[in-house]
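Report on the following structure.
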Amino acid sequence: MYIVILNPAAGNGRAKRLHEQICTIPLYKEKDCRTFTTEYAGHGESLTRQLVEIYKHKIECVIVIGGDGTVHEVLNGLKKFPDIPLAFIPGGSGNDFGKATLHKNRPDSIFQSILNAPHYSPYRAGMYRMNRRNQKDARLFANSIGFGFDGEIVQAANKSAMKKWLNHYHAGFLIYCLALLRTLRTYKPKTIEVTVDGDTHIYQNIWMVTIGVHGYYGGGMKILPGASEDSERLSLLILQNIPKWKVLLMFATVFWGGHTRLKEVEILTGYHVEVKSNEALAYHVDGEGGYCKSSHIYKEKIPRAVFKGKK
Ligand SMILES: Nc1ncnc2c1ncn2[C@@H]1O[C@H](COP(=O)(O)OP(=O)(O)OP(=O)(O)O)[C@@H](O)[C@H]1O
């Protein structure tokens, strides 16, 4: 059987419309697909965990129809079940997970490939522990974690009353542009200690530290061009000592990777990354925000099987 997890709120209703389309494809019934709908924020994780406990030996694949937030929740629901394949039909507003794993196919053809000729590739999700939590409390992330400036942007965007309205007009990206401009005015660079595989540096005047499982971020920006989801290593970008006008230049050039030539941008790779600060740092993980003073980030040891669309 195939478990379909639908977030009807993702993409301001886009995921729901895609699901309606997919249900009309004969394969949906022929291959025993069953849809379960998330009802509130956080539900995707508990729902997936319960379904997997009940049906684990029967499940061919868990298919997410939603955005990156839904993938994050479902992935955490599958944390103890790395053998169960995961597939994604992009129905959110950003869909970075889709940018890393799919190749611009139409949703109905992605669905047919998942059921007829699935090609799964190894995907090492990220793991994170905030504020020295226990190893067993580590959570998974599918795309990226960012600290500092981008953490504050995501928090400002998520709080904005205009988000729903702009999403309705498929202009969700604009909300991040507005949040970026607002945060640019108020952001105060931080002092952050970053340790990569035991090598510690204290960075002054940090704008952001962004760590990725793959290269895509913020709805398609290629922020970490060398990052790969099948690698055991994380990639990270550190942005420091940069004037405000140049921060805008960095976000303008990030779409084609031009930002990596700026002297204020440092790209590193490593197996274990620790980020510490004396003050509470704004962060985002797969697009959802929070605050922390320390975090430990690494990749899963056992890769998962994730559906990869054909080029
Ligand atoms: N029934 C629901 N009603 C409201 N919110 C929900 C519901 N089900 C899930 N959610 C929440 O919706 C949030 C946003 O979902 P998601 O990230 O998948 O879509 P998106 O924001 O449109 O896309 P993206 O993250 O790719 O930009 C998730 O954090 C999830 O917890």
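Each chain in the structure tokens gets a letter, A, B, ..., in the order shown, and its residues are numbered from 1; ligands are numbered from 1 in order too.
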
Could you find all residues in segment 35-95 of chain A that DSSP calls alpha helix (DSSP H) from the backbone, and write them as an MDAnalysis selection string? chainID A and resid 43:55 68:77

Expected file contents, prior selection, N, CA and C atoms, as an mmCIF file, in the first residue's frame:
data_model
loop_
_atom_site.group_PDB
_atom_site.id
_atom_site.type_symbol
_atom_site.label_atom_id
_atom_site.label_comp_id
_atom_site.auth_asym_id
_atom_site.auth_seq_id
_atom_site.Cartn_x
_atom_site.Cartn_y
_atom_site.Cartn_z
ATOM 1 N N HIS A 43 0.755 17.960 13.061
ATOM 2 C CA HIS A 43 0.000 16.714 12.942
ATOM 3 C C HIS A 43 0.697 15.712 12.020
ATOM 4 N N GLY A 44 1.414 16.219 10.995
ATOM 5 C CA GLY A 44 2.059 15.339 10.021
ATOM 6 C C GLY A 44 2.992 14.331 10.687
ATOM 7 N N GLU A 45 3.649 14.769 11.757
ATOM 8 C CA GLU A 45 4.621 13.894 12.424
ATOM 9 C C GLU A 45 3.928 12.773 13.206
ATOM 10 N N SER A 46 2.953 13.144 14.041
ATOM 11 C CA SER A 46 2.293 12.111 14.857
ATOM 12 C C SER A 46 1.466 11.175 13.972
ATOM 13 N N LEU A 47 0.841 11.744 12.950
ATOM 14 C CA LEU A 47 0.018 10.933 12.034
ATOM 15 C C LEU A 47 0.902 9.883 11.334
ATOM 16 N N THR A 48 2.046 10.327 10.821
ATOM 17 C CA THR A 48 2.941 9.394 10.118
ATOM 18 C C THR A 48 3.404 8.294 11.067
ATOM 19 N N ARG A 49 3.781 8.703 12.281
ATOM 20 C CA ARG A 49 4.276 7.713 13.252
ATOM 21 C C ARG A 49 3.203 6.662 13.535
ATOM 22 N N GLN A 50 1.973 7.113 13.727
ATOM 23 C CA GLN A 50 0.881 6.160 14.025
ATOM 24 C C GLN A 50 0.635 5.226 12.843
ATOM 25 N N LEU A 51 0.628 5.792 11.631
ATOM 26 C CA LEU A 51 0.345 4.971 10.447
ATOM 27 C C LEU A 51 1.420 3.921 10.236
ATOM 28 N N VAL A 52 2.669 4.332 10.480
ATOM 29 C CA VAL A 52 3.772 3.407 10.261
ATOM 30 C C VAL A 52 3.728 2.277 11.305
ATOM 31 N N GLU A 53 3.350 2.629 12.530
ATOM 32 C CA GLU A 53 3.225 1.586 13.567
ATOM 33 C C GLU A 53 2.167 0.553 13.149
ATOM 34 N N ILE A 54 1.075 1.037 12.558
ATOM 35 C CA ILE A 54 -0.020 0.132 12.193
ATOM 36 C C ILE A 54 0.305 -0.690 10.942
ATOM 37 N N TYR A 55 0.833 0.001 9.906
ATOM 38 C CA TYR A 55 0.938 -0.663 8.587
ATOM 39 C C TYR A 55 2.367 -0.990 8.155
ATOM 40 N N ASP A 68 7.617 22.127 2.240
ATOM 41 C CA ASP A 68 8.786 21.689 3.010
ATOM 42 C C ASP A 68 8.459 21.450 4.483
ATOM 43 N N GLY A 69 7.512 22.239 5.020
ATOM 44 C CA GLY A 69 7.128 22.042 6.419
ATOM 45 C C GLY A 69 6.497 20.669 6.617
ATOM 46 N N THR A 70 5.728 20.228 5.653
ATOM 47 C CA THR A 70 5.080 18.910 5.756
ATOM 48 C C THR A 70 6.126 17.808 5.599
ATOM 49 N N VAL A 71 7.065 18.001 4.679
ATOM 50 C CA VAL A 71 8.141 17.005 4.531
ATOM 51 C C VAL A 71 8.894 16.878 5.858
ATOM 52 N N HIS A 72 9.173 18.023 6.490
ATOM 53 C CA HIS A 72 9.892 18.021 7.775
ATOM 54 C C HIS A 72 9.144 17.177 8.812
ATOM 55 N N GLU A 73 7.845 17.372 8.884
ATOM 56 C CA GLU A 73 7.057 16.635 9.881
ATOM 57 C C GLU A 73 7.013 15.140 9.558
ATOM 58 N N VAL A 74 6.767 14.816 8.299
ATOM 59 C CA VAL A 74 6.652 13.396 7.911
ATOM 60 C C VAL A 74 8.001 12.694 8.108
ATOM 61 N N LEU A 75 9.071 13.373 7.744
ATOM 62 C CA LEU A 75 10.414 12.806 7.925
ATOM 63 C C LEU A 75 10.650 12.460 9.399
ATOM 64 N N ASN A 76 10.233 13.358 10.293
ATOM 65 C CA ASN A 76 10.407 13.074 11.719
ATOM 66 C C ASN A 76 9.499 11.950 12.191
ATOM 67 N N GLY A 77 8.347 11.826 11.562
ATOM 68 C CA GLY A 77 7.471 10.683 11.863
ATOM 69 C C GLY A 77 8.106 9.368 11.418
#

Report as a Markdown table: every residue of chain A with an atom at most 9 Å from ligand 1, its closest pair of atoms, and their distance in Å to one decimal, counting only C-alpha atoms and all ligand atoms, with rows sorted by chain and ascending residue number.
| residue | atom | partner | partner_atom_place_in_ligand_line | distance |
| --- | --- | --- | --- | --- |
| A:Leu6 | CA | ligand 1 | 8 (N) | 7.9 |
| A:Asn7 | CA | ligand 1 | 8 (N) | 4.7 |
| A:Pro8 | CA | ligand 1 | 1 (N) | 5.7 |
| A:Ala9 | CA | ligand 1 | 3 (N) | 5.0 |
| A:Ala10 | CA | ligand 1 | 19 (O) | 3.7 |
| A:Gly11 | CA | ligand 1 | 22 (O) | 3.5 |
| A:Asn12 | CA | ligand 1 | 22 (O) | 6.0 |
| A:Gly13 | CA | ligand 1 | 22 (O) | 8.2 |
| A:Arg14 | CA | ligand 1 | 22 (O) | 8.2 |
| A:Ala15 | CA | ligand 1 | 22 (O) | 8.3 |
| A:Thr37 | CA | ligand 1 | 1 (N) | 7.2 |
| A:Thr38 | CA | ligand 1 | 8 (N) | 4.4 |
| A:Glu39 | CA | ligand 1 | 1 (N) | 3.5 |
| A:Tyr40 | CA | ligand 1 | 7 (C) | 3.9 |
| A:Ala41 | CA | ligand 1 | 31 (O) | 3.0 |
| A:Gly42 | CA | ligand 1 | 31 (O) | 4.5 |
| A:His43 | CA | ligand 1 | 9 (C) | 6.3 |
| A:Gly44 | CA | ligand 1 | 9 (C) | 6.5 |
| A:Glu45 | CA | ligand 1 | 31 (O) | 8.8 |
| A:Val64 | CA | ligand 1 | 18 (O) | 8.9 |
| A:Ile65 | CA | ligand 1 | 18 (O) | 8.0 |
| A:Gly66 | CA | ligand 1 | 18 (O) | 4.4 |
| A:Gly67 | CA | ligand 1 | 18 (O) | 3.1 |
| A:Asp68 | CA | ligand 1 | 25 (O) | 3.9 |
| A:Gly69 | CA | ligand 1 | 17 (O) | 3.1 |
| A:Thr70 | CA | ligand 1 | 18 (O) | 3.8 |
| A:Val71 | CA | ligand 1 | 18 (O) | 6.6 |
| A:His72 | CA | ligand 1 | 17 (O) | 8.1 |
| A:Glu73 | CA | ligand 1 | 31 (O) | 7.2 |
| A:Pro90 | CA | ligand 1 | 26 (O) | 7.6 |
| A:Gly91 | CA | ligand 1 | 22 (O) | 7.0 |
| A:Gly92 | CA | ligand 1 | 23 (O) | 3.4 |
| A:Ser93 | CA | ligand 1 | 27 (O) | 3.8 |
| A:Gly94 | CA | ligand 1 | 27 (O) | 3.5 |
| A:Asn95 | CA | ligand 1 | 26 (O) | 3.9 |
| A:Asp96 | CA | ligand 1 | 26 (O) | 6.4 |
| A:Phe97 | CA | ligand 1 | 26 (O) | 7.9 |
| A:Gly98 | CA | ligand 1 | 26 (O) | 8.8 |
| A:Asn167 | CA | ligand 1 | 22 (O) | 7.8 |
| A:Gly172 | CA | ligand 1 | 27 (O) | 7.8 |
| A:Phe173 | CA | ligand 1 | 27 (O) | 8.6 |
| A:Gly218 | CA | ligand 1 | 27 (O) | 7.9 |
| A:Gly219 | CA | ligand 1 | 27 (O) | 6.8 |
| A:Asp286 | CA | ligand 1 | 25 (O) | 7.1 |
| A:Gly287 | CA | ligand 1 | 25 (O) | 5.8 |
| A:Glu288 | CA | ligand 1 | 29 (O) | 6.8 |

Atoms to include: C-alpha atoms. Write the selected residues as a PDB file, in the first residue's frame.
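Everything below was put into again31.pdb:
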ATOM      1  CA  LEU A   6      -1.804  15.581   2.389  1.00  0.00           C
ATOM      2  CA  ASN A   7      -1.465  19.012   3.970  1.00  0.00           C
ATOM      3  CA  PRO A   8      -4.565  20.796   2.628  1.00  0.00           C
ATOM      4  CA  ALA A   9      -3.233  24.165   3.836  1.00  0.00           C
ATOM      5  CA  ALA A  10       0.089  23.943   1.932  1.00  0.00           C
ATOM      6  CA  GLY A  11       0.611  26.365  -0.933  1.00  0.00           C
ATOM      7  CA  ASN A  12      -2.596  28.072   0.134  1.00  0.00           C
ATOM      8  CA  GLY A  13      -4.717  25.154  -1.141  1.00  0.00           C
ATOM      9  CA  ARG A  14      -2.476  24.110  -4.065  1.00  0.00           C
ATOM     10  CA  ALA A  15      -1.666  20.752  -2.420  1.00  0.00           C
ATOM     11  CA  THR A  37      -4.984  14.585   5.835  1.00  0.00           C
ATOM     12  CA  THR A  38      -3.124  16.723   8.363  1.00  0.00           C
ATOM     13  CA  GLU A  39      -5.477  18.803  10.475  1.00  0.00           C
ATOM     14  CA  TYR A  40      -3.147  21.212  12.285  1.00  0.00           C
ATOM     15  CA  ALA A  41       0.510  22.259  12.517  1.00  0.00           C
ATOM     16  CA  GLY A  42       2.629  19.364  13.800  1.00  0.00           C
ATOM     17  CA  HIS A  43       0.000  16.714  12.942  1.00  0.00           C
ATOM     18  CA  GLY A  44       2.059  15.339  10.021  1.00  0.00           C
ATOM     19  CA  GLU A  45       4.621  13.894  12.424  1.00  0.00           C
ATOM     20  CA  VAL A  64       3.890  13.727   0.848  1.00  0.00           C
ATOM     21  CA  ILE A  65       1.663  16.238  -0.944  1.00  0.00           C
ATOM     22  CA  GLY A  66       2.495  19.573   0.630  1.00  0.00           C
ATOM     23  CA  GLY A  67       5.475  21.834   1.150  1.00  0.00           C
ATOM     24  CA  ASP A  68       8.786  21.689   3.010  1.00  0.00           C
ATOM     25  CA  GLY A  69       7.128  22.042   6.419  1.00  0.00           C
ATOM     26  CA  THR A  70       5.080  18.910   5.756  1.00  0.00           C
ATOM     27  CA  VAL A  71       8.141  17.005   4.531  1.00  0.00           C
ATOM     28  CA  HIS A  72       9.892  18.021   7.775  1.00  0.00           C
ATOM     29  CA  GLU A  73       7.057  16.635   9.881  1.00  0.00           C
ATOM     30  CA  PRO A  90       5.380  19.614  -4.499  1.00  0.00           C
ATOM     31  CA  GLY A  91       2.279  21.447  -3.331  1.00  0.00           C
ATOM     32  CA  GLY A  92       3.800  24.112  -1.088  1.00  0.00           C
ATOM     33  CA  SER A  93       5.029  27.586  -1.812  1.00  0.00           C
ATOM     34  CA  GLY A  94       8.807  26.971  -1.665  1.00  0.00           C
ATOM     35  CA  ASN A  95       9.370  23.228  -2.222  1.00  0.00           C
ATOM     36  CA  ASP A  96      13.152  23.105  -1.761  1.00  0.00           C
ATOM     37  CA  PHE A  97      12.930  19.355  -1.138  1.00  0.00           C
ATOM     38  CA  GLY A  98      11.420  18.998  -4.599  1.00  0.00           C
ATOM     39  CA  ASN A 167       0.334  33.202  -0.980  1.00  0.00           C
ATOM     40  CA  GLY A 172       4.635  33.981  -1.374  1.00  0.00           C
ATOM     41  CA  PHE A 173       8.205  34.745  -2.388  1.00  0.00           C
ATOM     42  CA  GLY A 218      14.441  29.685   0.431  1.00  0.00           C
ATOM     43  CA  GLY A 219      12.372  28.455  -2.508  1.00  0.00           C
ATOM     44  CA  ASP A 286      13.098  23.720   6.955  1.00  0.00           C
ATOM     45  CA  GLY A 287      11.336  27.087   7.034  1.00  0.00           C
ATOM     46  CA  GLU A 288       9.995  27.004  10.618  1.00  0.00           C
TER      47      GLU A 288
END

For atom CA of Gly258 of chain A and atom CA of Asn143 of chain A, quote the distance in Å rounded to one decimal.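 Straight-line distance from atom CA of Gly258 of chain A to atom CA of Asn143 of chain A works out to 20.7 Å.
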
In segment 12-247 of chain A, what's strand (DSSP E or B) per DSSP? Answer as a VMD selection string? chain A and resid 33 to 37 61 to 66 86 to 90 120 to 123 126 to 130 139 to 141 144 to 148 190 to 196 199 to 212 216 to 217 221 to 222 234 to 240

For those residues, write C-alpha atoms to a file as a compact mmCIF listing (two decimals), in the first residue's frame.
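Writing done, so here's selection.txt:
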# COMPACT_ATOMS: atom_id res chain seq x y z
CA CYS A 33 -3.25 4.36 -2.15
CA ARG A 34 -4.75 5.74 1.03
CA THR A 35 -4.80 9.42 1.85
CA PHE A 36 -4.52 10.85 5.36
CA THR A 37 -4.98 14.58 5.83
CA CYS A 61 6.18 4.30 0.13
CA VAL A 62 4.97 7.38 2.02
CA ILE A 63 4.03 10.14 -0.43
CA VAL A 64 3.89 13.73 0.85
CA ILE A 65 1.66 16.24 -0.94
CA GLY A 66 2.50 19.57 0.63
CA LEU A 86 9.66 8.71 0.99
CA ALA A 87 8.33 10.56 -2.08
CA PHE A 88 7.24 14.14 -2.59
CA ILE A 89 4.72 15.87 -4.82
CA PRO A 90 5.38 19.61 -4.50
CA TYR A 120 14.90 5.77 -5.18
CA SER A 121 18.21 7.36 -4.27
CA PRO A 122 20.08 7.53 -1.00
CA TYR A 123 19.23 10.61 1.01
CA GLY A 126 20.30 16.25 8.60
CA MET A 127 19.98 15.79 12.37
CA TYR A 128 19.89 18.61 14.89
CA ARG A 129 19.90 18.98 18.64
CA MET A 130 19.23 22.41 20.12
CA ARG A 139 15.36 15.68 15.17
CA LEU A 140 15.67 15.34 11.42
CA PHE A 141 15.70 18.08 8.83
CA SER A 144 18.51 23.47 5.75
CA ILE A 145 19.05 25.20 9.08
CA GLY A 146 19.99 28.86 9.25
CA PHE A 147 21.10 30.97 12.23
CA GLY A 148 21.14 34.76 12.56
CA LYS A 190 26.39 38.58 16.18
CA THR A 191 29.42 36.90 17.71
CA ILE A 192 29.07 33.19 17.07
CA GLU A 193 31.35 30.23 17.84
CA VAL A 194 31.34 27.70 15.04
CA THR A 195 33.02 24.30 15.42
CA VAL A 196 33.43 22.08 12.38
CA ASP A 199 38.01 22.94 14.76
CA THR A 200 36.60 25.98 16.61
CA HIS A 201 36.49 29.57 15.34
CA ILE A 202 34.91 32.56 17.02
CA TYR A 203 33.43 34.75 14.30
CA GLN A 204 32.66 38.41 14.99
CA ASN A 205 30.09 40.38 13.00
CA ILE A 206 28.28 37.34 11.71
CA TRP A 207 25.25 37.81 9.53
CA MET A 208 24.32 34.20 8.99
CA VAL A 209 25.43 30.61 9.36
CA THR A 210 23.43 28.36 7.05
CA ILE A 211 23.83 24.60 6.97
CA GLY A 212 22.37 22.45 4.19
CA TYR A 216 18.68 24.60 -2.33
CA TYR A 217 17.21 27.09 0.07
CA MET A 221 18.18 29.83 -4.20
CA LYS A 222 21.29 27.70 -4.79
CA LEU A 234 27.09 18.84 5.60
CA SER A 235 27.86 22.05 3.75
CA LEU A 236 27.76 25.40 5.51
CA LEU A 237 27.89 29.02 4.52
CA ILE A 238 29.18 31.72 6.86
CA LEU A 239 28.47 35.34 6.00
CA GLN A 240 30.41 37.91 8.02

Excluding Pro26 of chain A and residues on its chain fewer than 4 positions from it, collect all residues at most 12 Å away from it, counting only C-alpha atoms, and give them as a compact mmCIF listing (two decimals) with C-alpha atoms, in the first residue's frame.
# COMPACT_ATOMS: atom_id res chain seq x y z
CA GLN A 21 -6.32 15.61 -9.56
CA ILE A 22 -4.23 12.66 -8.44
CA GLU A 30 -5.36 0.05 -8.45
CA LYS A 31 -2.26 0.36 -6.25
CA ASP A 32 -4.04 0.72 -2.91
CA CYS A 33 -3.25 4.36 -2.15
CA ASP A 108 0.53 13.66 -12.23
CA PHE A 111 2.74 10.34 -9.12
CA GLN A 112 2.67 7.79 -11.95
CA LEU A 115 3.79 3.99 -8.49

When you draw a straight line from atom CA of Ile175 of chain A to atom CA of Ile223 of chain A, how long is it in Å?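 These two atoms are separated by 18.9 Å.
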
For Leu249 of chain A, work out the shell of residues within 10 Å, counting only C-alpha atoms and skipping chain neighbours fewer than 5 positions away, then give it as a ChimeraX atom specification. /A:244,254,258-259,262

Tell me which of A:Leu27, A:His272, A:Gly220, A:His57 sits closest to Lys99 of chain A, counting only C-alpha atoms.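 Ranking A:Leu27, A:His272, A:Gly220, A:His57 by distance to Lys99 of chain A, first place goes to A:Gly220.
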
Distance in Å - atom CA of Glu274 of chain A versus atom CA of Ile297 of chain A: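 According to the coordinates, atom CA of Glu274 of chain A and atom CA of Ile297 of chain A are separated by 6.3 Å.
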
From the options A:Val4, A:Ile25, A:Ala282, A:Leu78, which residue's atoms come nearest to Gln155 of chain A, counting only C-alpha atoms? A:Ala282

I'd like the contact shell of Arg233 of chain A - 7 Å cut-off, only C-alpha atoms, skipping same-chain residues fewer than 5 positions apart - returned as a PyMOL selection string. chain A and resi 269-271+299

Non-local contacts of Ile59 of chain A (6 Å; only C-alpha atoms; under 3 positions in same chain excluded) as a ChimeraX atom specification: /A:1-2,56
